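Colleague: Have a peek at my_file02.txt (compact mmCIF, C-alpha atoms).
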```txt
# COMPACT_ATOMS: atom_id res chain seq x y z
CA MET L 1 0.00 0.00 0.00
CA THR L 2 1.48 3.33 -1.04
CA ALA L 3 1.40 6.56 0.89
CA ALA L 4 -1.78 8.51 0.41
CA GLY L 5 -0.08 11.85 0.15
CA GLU L 6 -2.14 14.96 0.68
CA VAL L 7 -5.84 14.44 1.38
CA GLY L 8 -8.44 17.14 0.76
CA LEU L 9 -11.79 17.29 2.56
CA LYS L 10 -14.63 19.54 1.49
CA MET L 11 -17.72 20.09 3.68
CA LEU L 12 -20.89 21.65 2.30
CA PHE L 13 -23.76 22.87 4.52
CA GLU L 14 -26.80 24.06 2.57
CA LYS L 15 -29.37 24.31 5.36
CA HIS L 16 -27.88 27.42 6.98
CA TYR L 17 -27.27 26.46 10.60
CA ALA L 18 -30.11 23.93 10.62
CA ALA L 19 -27.84 20.91 11.03
CA PRO L 20 -24.17 21.89 11.36
CA LEU L 21 -21.54 19.24 12.10
CA GLY L 22 -20.14 19.89 15.56
CA ARG L 23 -17.23 17.42 15.62
CA PHE L 24 -15.88 14.81 13.25
CA ARG L 25 -12.78 12.65 12.86
CA ILE L 26 -10.93 10.81 10.14
CA SER L 27 -9.37 7.42 10.78
CA VAL L 28 -6.44 5.98 8.86
CA THR L 29 -5.40 2.32 8.74
CA THR L 30 -2.92 0.10 6.95
CA ASP L 31 -5.27 -2.92 7.12
CA GLU L 32 -6.15 -3.78 3.52
CA THR L 33 -9.51 -5.25 4.57
CA LYS L 34 -10.49 -1.83 5.89
CA ALA L 35 -9.23 0.10 2.93
CA ILE L 36 -12.68 0.51 1.42
CA ALA L 37 -15.69 1.78 3.39
CA ARG L 38 -18.44 -0.86 3.43
CA ALA L 39 -22.15 -0.53 4.22
CA ILE L 40 -22.24 -3.89 5.97
CA GLU L 41 -21.94 -4.92 9.60
CA ASP L 42 -18.67 -6.08 11.11
CA GLU L 43 -20.04 -9.61 11.74
CA VAL L 44 -21.01 -9.97 8.08
CA GLU L 45 -17.64 -8.64 6.96
CA ARG L 46 -15.79 -11.16 9.12
CA ALA L 47 -17.95 -13.96 7.71
CA LEU L 48 -17.02 -12.90 4.17
CA MET L 49 -13.34 -13.41 4.98
CA LEU L 50 -13.87 -17.05 6.05
CA PRO L 51 -13.67 -20.09 3.75
CA ASP L 52 -17.03 -21.58 2.82
CA THR L 53 -16.28 -24.77 4.76
CA GLU L 54 -15.82 -22.84 8.02
CA LEU L 55 -19.08 -20.89 7.95
CA THR L 56 -21.63 -21.72 10.62
CA VAL L 57 -25.38 -21.92 10.01
CA GLY L 58 -25.86 -18.57 11.72
CA GLN L 59 -23.16 -16.90 9.63
CA ARG L 60 -24.69 -18.24 6.43
CA ALA L 61 -28.03 -16.78 7.48
CA GLU L 62 -26.38 -13.41 8.17
CA LEU L 63 -24.69 -13.43 4.76
CA ARG L 64 -28.01 -14.22 3.07
CA ARG L 65 -29.71 -11.40 4.95
CA ALA L 66 -26.93 -8.96 4.01
CA PHE L 67 -27.25 -9.95 0.36
CA LEU L 68 -31.00 -9.40 0.35
CA LEU L 69 -30.56 -5.97 1.96
CA ASN L 70 -27.82 -4.76 -0.40
CA ALA L 71 -28.17 -6.54 -3.78
CA PRO L 72 -28.94 -3.91 -6.51
CA GLU L 73 -31.28 -6.28 -8.36
CA LEU L 74 -33.56 -6.41 -5.29
CA ALA L 75 -33.73 -2.65 -4.82
CA ALA L 76 -37.30 -2.39 -6.23
CA ALA L 77 -38.61 -5.12 -3.90
CA ARG L 78 -36.90 -3.49 -0.89
CA ALA L 79 -38.40 -0.13 -1.77
CA GLU L 80 -41.89 -1.65 -1.89
CA ILE L 81 -41.36 -3.36 1.48
CA ASP L 82 -40.06 -0.12 3.02
CA LYS L 83 -43.10 1.74 1.69
CA LEU L 84 -45.45 -0.79 3.28
CA LYS L 85 -43.58 -0.59 6.58
CA LYS L 86 -43.92 3.19 6.61
CA ALA L 87 -47.67 2.86 6.02
CA LEU L 88 -48.11 0.80 9.18
CA PRO L 89 -49.74 2.77 12.02
CA ALA L 90 -47.47 3.73 14.87
CA PRO L 91 -47.93 1.50 17.92
CA PRO L 92 -49.80 3.17 20.79
CA THR L 93 -47.80 4.41 23.73
CA THR L 94 -48.74 5.14 27.30
CA LEU L 95 -47.25 6.75 30.36
CA VAL L 96 -45.40 4.39 32.67
CA MET L 97 -43.62 4.69 35.98
CA LYS L 98 -39.85 4.26 35.96
CA GLU L 99 -37.72 3.39 38.94
CA ARG L 100 -35.28 6.13 39.98
CA PRO L 101 -31.57 5.23 39.77
CA LYS L 102 -30.47 3.28 42.84
CA GLU L 103 -27.73 5.81 43.51
CA ASN L 104 -30.31 8.62 43.60
CA PRO L 105 -33.34 7.42 45.60
CA ARG L 106 -36.02 9.85 46.63
CA ALA L 107 -36.11 10.60 50.33
CA THR L 108 -39.57 10.04 51.87
CA PHE L 109 -40.80 11.63 55.08
CA ILE L 110 -43.82 11.61 57.34
CA HIS L 111 -45.29 15.10 57.10
CA ASN L 112 -46.77 17.00 59.99
CA ARG L 113 -50.57 16.88 59.54
CA GLY L 114 -49.99 16.05 55.87
CA GLU L 115 -48.32 19.38 55.13
CA PHE L 116 -45.69 18.73 52.48
CA LEU L 117 -43.60 21.70 53.66
CA GLN L 118 -43.25 20.18 57.15
CA PRO L 119 -41.34 16.90 56.84
CA THR L 120 -40.60 15.08 60.09
CA GLU L 121 -39.44 11.45 60.37
CA LYS L 122 -37.65 9.91 57.38
CA VAL L 123 -39.04 6.51 56.36
CA ALA L 124 -37.81 3.68 54.13
CA PRO L 125 -39.74 1.28 51.84
CA GLY L 126 -41.12 -1.79 53.62
CA VAL L 127 -44.17 -3.97 54.14
CA LEU L 128 -46.63 -4.42 56.99
CA SER L 129 -44.99 -5.97 60.02
CA ALA L 130 -47.99 -8.25 60.53
CA LEU L 131 -47.13 -10.05 57.27
CA ASN L 132 -44.05 -11.92 56.12
CA PRO L 133 -40.98 -9.64 55.85
CA LEU L 134 -39.04 -8.78 52.74
CA ALA L 135 -35.85 -10.71 52.09
CA ALA L 136 -32.98 -9.05 53.96
CA ASP L 137 -30.69 -8.88 50.92
CA ALA L 138 -33.36 -7.75 48.43
CA PRO L 139 -33.35 -4.16 47.16
CA ARG L 140 -36.27 -2.07 48.41
CA ASN L 141 -37.87 -1.38 45.05
CA ARG L 142 -41.09 -2.14 43.15
CA LEU L 143 -39.78 -5.38 41.65
CA THR L 144 -39.03 -6.76 45.11
CA PHE L 145 -42.49 -5.69 46.29
CA ALA L 146 -44.13 -7.39 43.27
CA ARG L 147 -42.27 -10.63 44.01
CA TRP L 148 -43.24 -10.39 47.67
CA LEU L 149 -46.92 -10.04 46.74
CA VAL L 150 -46.96 -13.40 44.95
CA ALA L 151 -44.47 -15.24 47.15
CA SER L 152 -45.57 -18.55 48.63
CA GLU L 153 -44.81 -17.14 52.10
CA ASN L 154 -47.52 -14.50 51.52
CA PRO L 155 -50.85 -16.27 50.85
CA LEU L 156 -52.91 -13.09 51.31
CA THR L 157 -52.87 -12.16 47.62
CA ALA L 158 -53.99 -15.63 46.58
CA ARG L 159 -56.68 -15.74 49.29
CA VAL L 160 -58.15 -12.41 48.16
CA THR L 161 -58.12 -13.52 44.50
CA VAL L 162 -59.69 -16.90 45.27
CA ASN L 163 -62.36 -15.27 47.42
CA ARG L 164 -63.37 -12.89 44.64
CA GLN L 165 -63.64 -15.74 42.14
CA TRP L 166 -65.75 -17.69 44.64
CA HIS L 167 -67.98 -14.62 44.99
CA ILE L 168 -68.45 -14.48 41.20
CA LEU L 169 -69.47 -18.14 41.01
CA PHE L 170 -71.50 -18.43 44.24
CA GLY L 171 -72.83 -14.89 44.65
CA ARG L 172 -71.15 -14.65 48.05
CA GLY L 173 -67.50 -14.96 48.97
CA LEU L 174 -66.16 -17.32 51.60
CA VAL L 175 -65.36 -13.96 53.19
CA ARG L 176 -68.50 -11.93 52.47
CA THR L 177 -66.67 -8.61 52.57
CA THR L 178 -64.59 -9.24 49.44
CA GLU L 179 -63.23 -5.70 49.68
CA ASP L 180 -62.06 -6.01 53.30
CA PHE L 181 -59.99 -8.83 54.82
CA GLY L 182 -59.07 -6.73 57.85
CA LEU L 183 -60.53 -6.31 61.31
CA MET L 184 -63.59 -4.53 59.91
CA GLY L 185 -64.38 -7.39 57.54
CA GLU L 186 -66.29 -10.59 58.24
CA VAL L 187 -64.57 -13.82 59.20
CA PRO L 188 -64.51 -16.57 56.55
CA SER L 189 -67.32 -19.10 56.65
CA HIS L 190 -64.91 -21.89 55.59
CA PRO L 191 -61.37 -20.77 56.53
CA GLU L 192 -59.72 -24.14 55.79
CA LEU L 193 -61.30 -24.27 52.34
CA LEU L 194 -60.16 -20.73 51.58
CA ASP L 195 -56.58 -21.52 52.58
CA TRP L 196 -56.55 -24.77 50.60
CA LEU L 197 -57.89 -23.09 47.46
CA ALA L 198 -55.30 -20.32 47.82
CA MET L 199 -52.45 -22.84 47.99
CA GLU L 200 -53.85 -24.82 45.05
CA PHE L 201 -54.17 -21.57 43.09
CA MET L 202 -50.48 -20.81 43.61
CA LYS L 203 -49.43 -24.41 42.85
CA GLN L 204 -51.32 -24.26 39.54
CA GLY L 205 -49.33 -21.24 38.40
CA TRP L 206 -51.97 -18.65 39.36
CA SER L 207 -54.22 -19.95 36.58
CA LEU L 208 -57.76 -18.61 36.89
CA LYS L 209 -58.93 -21.13 34.31
CA LYS L 210 -57.73 -24.04 36.44
CA LEU L 211 -59.22 -22.44 39.56
CA HIS L 212 -62.63 -22.09 37.87
CA GLN L 213 -62.46 -25.67 36.65
CA LEU L 214 -61.65 -26.87 40.16
CA ILE L 215 -64.62 -25.03 41.68
CA VAL L 216 -67.31 -25.71 39.06
CA THR L 217 -66.50 -29.44 38.90
CA SER L 218 -66.86 -29.79 42.66
CA ALA L 219 -69.84 -31.58 44.22
CA THR L 220 -70.64 -28.38 46.12
CA TYR L 221 -71.13 -26.29 42.98
CA GLN L 222 -72.98 -29.07 41.13
CA GLN L 223 -75.69 -29.41 43.78
CA SER L 224 -79.29 -28.57 42.97
CA SER L 225 -80.33 -25.01 43.76
CA ARG L 226 -83.83 -26.14 44.73
CA VAL L 227 -84.83 -24.90 48.17
CA THR L 228 -86.65 -27.30 50.50
CA PRO L 229 -88.07 -26.77 54.00
CA GLN L 230 -85.39 -29.12 55.36
CA LEU L 231 -82.59 -27.05 53.82
CA ILE L 232 -84.16 -23.82 55.04
CA ALA L 233 -84.22 -25.23 58.58
CA LYS L 234 -80.59 -26.30 58.41
CA ASP L 235 -79.04 -23.44 56.42
CA ARG L 236 -81.38 -20.52 55.76
CA GLY L 237 -78.78 -18.20 54.27
CA ASN L 238 -76.85 -20.99 52.51
CA LEU L 239 -73.77 -20.00 54.49
CA LEU L 240 -72.85 -23.68 54.87
CA LEU L 241 -73.35 -24.32 51.13
CA ALA L 242 -76.17 -26.80 51.63
CA ARG L 243 -77.40 -26.10 48.08
CA ALA L 244 -76.07 -24.67 44.85
CA PRO L 245 -75.98 -20.90 44.39
CA ARG L 246 -78.94 -19.18 42.79
CA VAL L 247 -77.99 -15.62 41.99
CA ARG L 248 -78.96 -13.11 39.32
CA ILE L 249 -76.29 -12.55 36.70
CA GLU L 250 -74.74 -9.10 36.36
CA ALA L 251 -76.22 -6.30 34.25
CA GLU L 252 -73.79 -6.57 31.34
CA MET L 253 -74.24 -10.34 31.20
CA ILE L 254 -78.05 -10.03 31.11
CA ARG L 255 -77.86 -7.90 27.97
CA ASP L 256 -75.15 -10.02 26.35
CA ALA L 257 -77.00 -13.29 27.05
CA THR L 258 -80.22 -11.90 25.57
CA LEU L 259 -78.48 -10.68 22.42
CA ARG L 260 -76.64 -13.99 22.11
CA ALA L 261 -79.85 -16.03 22.37
CA SER L 262 -81.54 -13.84 19.76
CA GLY L 263 -78.61 -14.10 17.33
CA LEU L 264 -77.92 -10.35 17.38
CA LEU L 265 -74.76 -10.25 19.52
CA SER L 266 -71.74 -9.00 17.58
CA PRO L 267 -68.55 -11.05 18.06
CA LYS L 268 -66.37 -8.10 17.09
CA VAL L 269 -63.42 -7.52 19.43
CA GLY L 270 -61.80 -4.18 20.22
CA GLY L 271 -62.48 -0.70 18.90
CA PRO L 272 -64.02 2.45 20.34
CA SER L 273 -67.01 2.61 22.68
CA VAL L 274 -70.51 2.22 21.26
CA PHE L 275 -73.88 3.79 22.06
CA PRO L 276 -76.67 1.21 22.35
CA PRO L 277 -80.26 2.51 22.38
CA GLN L 278 -81.67 3.81 25.64
CA PRO L 279 -84.45 6.24 26.69
CA ALA L 280 -83.71 9.75 25.42
CA SER L 281 -84.55 11.32 28.79
CA VAL L 282 -81.46 9.68 30.35
CA THR L 283 -79.17 12.04 28.48
CA SER L 284 -81.48 14.92 27.56
CA GLU L 285 -82.17 15.54 31.26
CA GLY L 286 -78.64 15.04 32.60
CA VAL L 287 -77.56 16.01 36.09
CA TYR L 288 -75.43 18.93 34.89
CA ALA L 289 -76.53 19.44 31.29
CA ALA L 290 -77.95 17.56 28.35
CA LYS L 291 -75.56 14.95 26.95
CA SER L 292 -75.42 13.86 23.34
CA TRP L 293 -76.09 10.15 22.78
CA ASP L 294 -75.95 9.24 19.10
CA GLU L 295 -77.33 5.71 18.95
CA SER L 296 -75.04 3.25 17.19
CA THR L 297 -76.32 1.49 14.10
CA GLY L 298 -75.53 -1.78 12.40
CA GLU L 299 -73.16 -4.15 14.19
CA ASP L 300 -72.14 -1.58 16.80
CA ARG L 301 -75.70 -1.48 18.10
CA TYR L 302 -75.30 -5.02 19.41
CA ARG L 303 -71.75 -5.07 20.72
CA ARG L 304 -70.99 -6.68 24.08
CA GLY L 305 -71.77 -4.61 27.15
CA LEU L 306 -68.03 -4.25 27.73
CA TYR L 307 -67.89 -1.70 24.89
CA THR L 308 -70.81 0.47 26.00
CA PHE L 309 -69.86 4.11 26.47
CA THR L 310 -70.22 5.14 30.08
CA LYS L 311 -70.26 8.53 31.74
CA ARG L 312 -70.37 8.97 35.49
CA SER L 313 -72.94 11.76 35.41
CA ALA L 314 -75.21 9.75 33.06
CA PRO L 315 -74.60 5.99 33.39
CA PHE L 316 -76.15 3.60 30.87
CA ALA L 317 -79.76 3.24 32.05
CA MET L 318 -80.19 -0.52 31.62
CA PHE L 319 -76.96 -1.32 33.48
CA ASN L 320 -77.84 1.09 36.26
CA THR L 321 -81.25 -0.58 36.66
CA PHE L 322 -79.57 -3.94 37.26
CA ASP L 323 -77.15 -2.60 39.90
CA ALA L 324 -74.06 -1.93 37.80
CA PRO L 325 -71.84 0.68 39.50
CA SER L 326 -71.97 4.20 38.11
CA GLY L 327 -68.20 4.58 37.92
CA GLU L 328 -68.04 7.29 40.57
CA ALA L 329 -66.18 4.88 42.89
CA CYS L 330 -64.42 1.54 42.52
CA VAL L 331 -66.33 -1.35 44.08
CA ALA L 332 -65.22 -4.91 44.73
CA ARG L 333 -68.74 -6.19 45.34
CA ARG L 334 -71.99 -5.16 43.67
CA GLU L 335 -75.15 -4.94 45.72
CA VAL L 336 -78.09 -6.85 44.26
CA SER L 337 -81.63 -5.45 44.28
CA ASN L 338 -84.99 -6.67 43.00
CA THR L 339 -87.23 -3.86 41.74
CA PRO L 340 -90.27 -3.44 39.45
CA LEU L 341 -88.14 -1.27 37.16
CA GLN L 342 -86.07 -4.33 36.26
CA ALA L 343 -89.14 -6.22 35.05
CA LEU L 344 -90.32 -3.17 33.09
CA THR L 345 -86.88 -2.93 31.45
CA LEU L 346 -86.96 -6.55 30.31
CA LEU L 347 -90.46 -5.97 28.87
CA ASN L 348 -90.05 -2.60 27.19
CA ASP L 349 -86.38 -1.68 26.66
CA VAL L 350 -85.54 -1.22 22.98
CA THR L 351 -82.71 -3.76 23.06
CA PHE L 352 -84.90 -6.49 24.55
CA THR L 353 -87.74 -5.68 22.16
CA GLU L 354 -85.41 -5.99 19.16
CA ALA L 355 -83.98 -9.24 20.58
CA SER L 356 -87.51 -10.67 20.88
CA GLN L 357 -88.29 -9.69 17.30
CA ALA L 358 -85.03 -11.21 16.03
CA LEU L 359 -85.63 -14.50 17.82
CA GLY L 360 -89.27 -14.49 16.68
CA LYS L 361 -88.19 -14.05 13.06
CA LEU L 362 -85.70 -16.92 13.48
CA LEU L 363 -88.35 -19.24 14.94
CA ALA L 364 -90.93 -18.32 12.27
CA SER L 365 -88.49 -19.29 9.49
CA ARG L 366 -87.37 -22.50 11.18
CA ALA L 367 -88.77 -25.84 10.00
CA GLY L 368 -90.60 -28.16 12.38
CA THR L 369 -93.71 -28.35 14.47
CA VAL L 370 -94.72 -25.71 16.98
CA GLU L 371 -93.61 -27.99 19.82
CA GLU L 372 -90.20 -28.59 18.23
CA ARG L 373 -89.63 -24.87 17.74
CA VAL L 374 -90.79 -24.12 21.28
CA ALA L 375 -88.28 -26.66 22.64
CA TYR L 376 -85.54 -25.10 20.48
CA ALA L 377 -86.33 -21.58 21.73
CA PHE L 378 -86.47 -22.75 25.34
CA ARG L 379 -83.04 -24.38 25.10
CA ARG L 380 -81.61 -21.36 23.30
CA VAL L 381 -82.76 -18.88 25.96
CA LEU L 382 -82.55 -20.91 29.17
CA THR L 383 -79.69 -23.29 28.19
CA ARG L 384 -81.54 -26.40 29.37
CA PRO L 385 -84.06 -28.78 27.81
CA ALA L 386 -87.72 -28.01 28.44
CA THR L 387 -89.98 -30.53 30.17
CA LYS L 388 -93.07 -31.87 28.41
CA ASP L 389 -95.31 -29.69 30.57
CA GLU L 390 -93.27 -26.58 29.77
CA VAL L 391 -93.40 -27.31 26.03
CA ALA L 392 -97.15 -27.85 26.17
CA MET L 393 -97.70 -24.67 28.16
CA LEU L 394 -95.59 -22.53 25.82
CA ALA L 395 -97.13 -24.06 22.69
CA LYS L 396 -100.58 -23.16 24.04
CA PHE L 397 -99.34 -19.64 24.78
CA PHE L 398 -98.08 -19.33 21.18
CA GLU L 399 -101.41 -20.42 19.70
CA THR L 400 -103.32 -18.05 21.97
CA GLN L 401 -101.13 -15.09 20.97
CA LYS L 402 -101.41 -15.94 17.29
CA GLN L 403 -105.20 -15.97 17.51
CA ARG L 404 -105.14 -12.56 19.18
CA PHE L 405 -102.97 -11.13 16.40
CA VAL L 406 -105.20 -12.65 13.70
CA ALA L 407 -108.27 -11.21 15.42
CA LYS L 408 -106.55 -7.79 15.55
CA GLN L 409 -106.74 -7.70 19.33
CA LEU L 410 -103.03 -6.81 19.30
CA ASP L 411 -100.93 -4.85 16.80
CA ALA L 412 -98.94 -7.59 15.04
CA ALA L 413 -96.61 -5.15 13.27
CA LYS L 414 -95.50 -3.70 16.61
CA PHE L 415 -94.48 -7.13 17.89
CA ALA L 416 -93.18 -8.72 14.66
CA GLY L 417 -90.67 -6.21 13.34
CA THR L 418 -89.54 -6.55 9.71
CA GLY L 419 -89.54 -9.81 7.78
CA GLU L 420 -90.97 -11.68 4.82
CA SER L 421 -92.96 -14.39 6.62
CA ASP L 422 -96.54 -14.00 7.82
CA VAL L 423 -96.69 -11.02 10.18
CA ASN L 424 -99.04 -12.74 12.62
CA GLU L 425 -96.75 -15.77 12.76
CA ARG L 426 -93.70 -13.63 13.45
CA ALA L 427 -95.55 -11.57 16.04
CA ALA L 428 -96.68 -14.67 17.93
CA TRP L 429 -93.15 -16.09 18.00
CA ALA L 430 -91.79 -12.69 19.09
CA ALA L 431 -94.31 -12.65 21.94
CA LEU L 432 -93.16 -16.12 22.97
CA ALA L 433 -89.52 -15.01 22.86
CA ARG L 434 -90.40 -11.97 24.94
CA ALA L 435 -92.01 -14.20 27.55
CA LEU L 436 -88.94 -16.45 27.69
CA PHE L 437 -86.59 -13.47 28.09
CA ASN L 438 -88.72 -12.27 31.01
CA LEU L 439 -88.59 -15.52 32.94
CA ASP L 440 -86.70 -15.32 36.20
CA GLU L 441 -84.62 -18.27 35.06
CA ALA L 442 -83.37 -16.29 32.03
CA ILE L 443 -81.45 -13.86 34.25
CA THR L 444 -80.71 -16.11 37.20
CA LYS L 445 -77.96 -18.67 37.57
CA GLY L 446 -79.33 -21.74 39.29
```
Could I get this file's structure written as structure tokens?

Modeller:
Amino acid sequence: MTAAGEVGLKMLFEKHYAAPLGRFRISVTTDETKAIARAIEDEVERALMLPDTELTVGQRAELRRAFLLNAPELAAARAEIDKLKKALPAPPTTLVMKERPKENPRATFIHNRGEFLQPTEKVAPGVLSALNPLAADAPRNRLTFARWLVASENPLTARVTVNRQWHILFGRGLVRTTEDFGLMGEVPSHPELLDWLAMEFMKQGWSLKKLHQLIVTSATYQQSSRVTPQLIAKDRGNLLLARAPRVRIEAEMIRDATLRASGLLSPKVGGPSVFPPQPASVTSEGVYAAKSWDESTGEDRYRRGLYTFTKRSAPFAMFNTFDAPSGEACVARREVSNTPLQALTLLNDVTFTEASQALGKLLASRAGTVEERVAYAFRRVLTRPATKDEVAMLAKFFETQKQRFVAKQLDAAKFAGTGESDVNERAAWAALARALFNLDEAITKG
């Protein structure tokens, strides 16, 4: 390699102070492999210098990747791929908490009467002394606290989780006050069972699916919910689990189950909130001012209750009627009421009316005898086979309603909705569907 002699370097800045070069350097080497600047990575360059017989599988893959990224004949394909990548939406971001550097922790003090300008005693991170302590050699940070929460030496987290799942399935937790395991809460009705379930929950990798399977396949859960005088005498409040739970399902589930049985429920996942139909007075006469509520149409009208838009000052009327929280405060346990307004909602709410019409249209177009279609509707709404007496009773109800529509005693068009089949037929089936949706068993788990 000969001497380079004099080297000239020209720098051109055309953006007028917009992006000046602050510092730069020039490197010189006598290594012939570095004599030419290359637009490839050092690992790829080293692989190019090796004989073919010495290349590993990984190095061959790197060489292939480098070729695809730099070969001139593939420039058009790369440009198309780059264009598609740029068209992809940016991933969403959110604010997160970041731990301060360990060499610069924030000092924390107890403040006099809560006044932040009057710090008194300095305190350090720790856990309640009544519970298992943190490991002596563990750093006092959030990661250590997270590990302590789910440690086998600390069953409290698992016990609280298990109790809330038991509450969901049985309508009452083993500790009734699911939100309070302290001195102000109630004692567990079955403490040994609660502890055993908590340990099993941890052993099974904190799997809620396995926990649910364990509970619902138990003899306790699979008991009959029928109440007898003998059971009332022994266990009036079912605290000892003498019978299966019989509780009303939650507000969102009532709506979802009705839409599912009618065939209207949308399976769509994700997306913005939707605005199902509800009485106009709910938003036009708001607490602070009238609120706009543009009813969703098409598929969005029948999305799961999870996607319903909610506002604290004007909660969704149907959910509020069935004891859903308003959102003004977090609650661990919903109170359950039984009011006439709930029955009126099931009879007259727009969503339930449309569900009855949809199921009525489905039954009118279905082949089979009246009894066969009644049995199908019963199973679809109540998830169990109908008895012979129930089928006979509902079939008689259907015939009676159809005669009333034919005789013009009732407005068939109001009940039937749109459709191509006979309007009286559709209306009678819609009336039957409406009756099924209003059965206590349709909204009660038992």

Colleague: So the first atom is CA of Ala261 in chain L and the second is CA of Phe170 in chain L; what is the distance between them in Å, to one decimal place?

Modeller: 23.5 Å

Colleague: What separation in Å, quoted to one decimal, exists between CA of Arg46 in chain L and CA of Gly58 in chain L?

Modeller: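 CA of Gly58 in chain L lies 12.8 Å from CA of Arg46 in chain L.
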
Colleague: Which of these residues is nearest to Ser281 in chain L, using all atoms listed in the file: L:Leu240, L:Ala317, L:Arg373, L:Ser262?

Modeller: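 The answer is L:Ala317, which sits nearest to Ser281 in chain L.
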
Colleague: Counting all atoms listed in the file, what is within 12 Å of range 64-79 of chain L, bar same-chain residues fewer than 3 positions away, as a list of chain:residue names?

Modeller: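 Residues meeting the cut-off are L:Arg38, L:Ala39, L:Ile40, L:Glu41, L:Asp42, L:Glu43, L:Val44, L:Glu45, L:Ala47, L:Leu48, L:Val57, L:Gly58, L:Gln59, L:Arg60, L:Ala61, L:Asp82, L:Lys83, L:Leu84, L:Lys85, L:Lys86.
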
Colleague: Which residues are near Asp411 in chain L? Cut-off 12 Å, all atoms listed in the file, ignore same chain within fewer than 3 positions. Put them as a list in words.

Modeller: Gln401, Lys402, Gln403, Arg404, Phe405, Val406, Ala407, Lys408, Lys414, Phe415, Ala416, Gly417, Val423, Asn424, Arg426, Ala427, Ala428 and Ala431 of chain L

Colleague: May I ask for the distance between CA of Ala233 in chain L and CA of Arg246 in chain L, given in Å to one decimal place?

Modeller: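 Separating CA of Ala233 in chain L from CA of Arg246 in chain L is a distance of 17.7 Å.
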
Colleague: Can you list, as a count of residues only, every protein, DNA or RNA residue that comes within 12 Å of Ala386 in chain L when you count only C-alpha atoms, leaving out same-chain residues fewer than 2 positions away?

Modeller: 23

Colleague: Pick from L:Thr228, L:Ser292, L:Thr220, L:Thr161: nearest to Met202 in chain L, with only C-alpha atoms counted?

Modeller: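 Of L:Thr228, L:Ser292, L:Thr220, L:Thr161, the one nearest Met202 in chain L is L:Thr161, counting only C-alpha atoms.
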
Colleague: Under the rule that only C-alpha atoms are counted, which of L:Thr444, L:Thr387, L:Thr321, L:Asn132 is the nearest residue to Glu153 in chain L?

Modeller: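 Of the candidates, the smallest distance to Glu153 in chain L is held by L:Asn132.
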
Colleague: If we count only C-alpha atoms, what is near Leu149 in chain L at a cut-off of 12 Å, once residues fewer than 2 positions away on the same chain are taken out, given as a ChimeraX atom specification?

Modeller: /L:127-128,131-134,142-147,151-161,202

Colleague: Give the answer as one residue: which of L:Lys122, L:Arg255, L:Lys361, L:Lys210 has the shortest atom-to-atom distance to Ala442 in chain L, using only C-alpha atoms?

Modeller: L:Arg255

Colleague: Could you list, as a list of chain:residue names, every residue within 12 Å of Glu250 in chain L, counting all atoms listed in the file and ignoring same-chain residues fewer than 4 positions away?

Modeller: L:Ile168, L:Leu169, L:Gly171, L:Ile254, L:Arg255, L:Asp256, L:Ala257, L:Gly305, L:Leu306, L:Met318, L:Phe319, L:Asn320, L:Thr321, L:Phe322, L:Asp323, L:Ala324, L:Pro325, L:Arg333, L:Arg334, L:Glu335, L:Val336, L:Ser337, L:Ile443, L:Thr444, L:Lys445

Colleague: Using all atoms listed in the file, find the one residue out of L:Pro315, L:Pro272, L:Pro267, L:Pro125 that sits nearest to Tyr302 in chain L.

Modeller: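 Smallest distance to Tyr302 in chain L is found for L:Pro267.
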
Colleague: Here's a test: counting only C-alpha atoms, identify every protein, DNA and RNA residue with an atom at most 8 Å from (-87.5, -13.8, 18.1) in the file's coordinate frame, and state them as an MDAnalysis selection string.

Modeller: chainID L and resid 262 355:363 426 429:434

Colleague: Those same residues - C-alpha atoms - I'd like them written as an mmCIF file, keeping the file's coordinate frame.

Modeller:
```
data_model
loop_
_atom_site.group_PDB
_atom_site.id
_atom_site.type_symbol
_atom_site.label_atom_id
_atom_site.label_comp_id
_atom_site.auth_asym_id
_atom_site.auth_seq_id
_atom_site.Cartn_x
_atom_site.Cartn_y
_atom_site.Cartn_z
ATOM 1 C CA SER L 262 -81.540 -13.840 19.760
ATOM 2 C CA ALA L 355 -83.980 -9.240 20.580
ATOM 3 C CA SER L 356 -87.510 -10.670 20.880
ATOM 4 C CA GLN L 357 -88.290 -9.690 17.300
ATOM 5 C CA ALA L 358 -85.030 -11.210 16.030
ATOM 6 C CA LEU L 359 -85.630 -14.500 17.820
ATOM 7 C CA GLY L 360 -89.270 -14.490 16.680
ATOM 8 C CA LYS L 361 -88.190 -14.050 13.060
ATOM 9 C CA LEU L 362 -85.700 -16.920 13.480
ATOM 10 C CA LEU L 363 -88.350 -19.240 14.940
ATOM 11 C CA ARG L 426 -93.700 -13.630 13.450
ATOM 12 C CA TRP L 429 -93.150 -16.090 18.000
ATOM 13 C CA ALA L 430 -91.790 -12.690 19.090
ATOM 14 C CA ALA L 431 -94.310 -12.650 21.940
ATOM 15 C CA LEU L 432 -93.160 -16.120 22.970
ATOM 16 C CA ALA L 433 -89.520 -15.010 22.860
ATOM 17 C CA ARG L 434 -90.400 -11.970 24.940
#
```
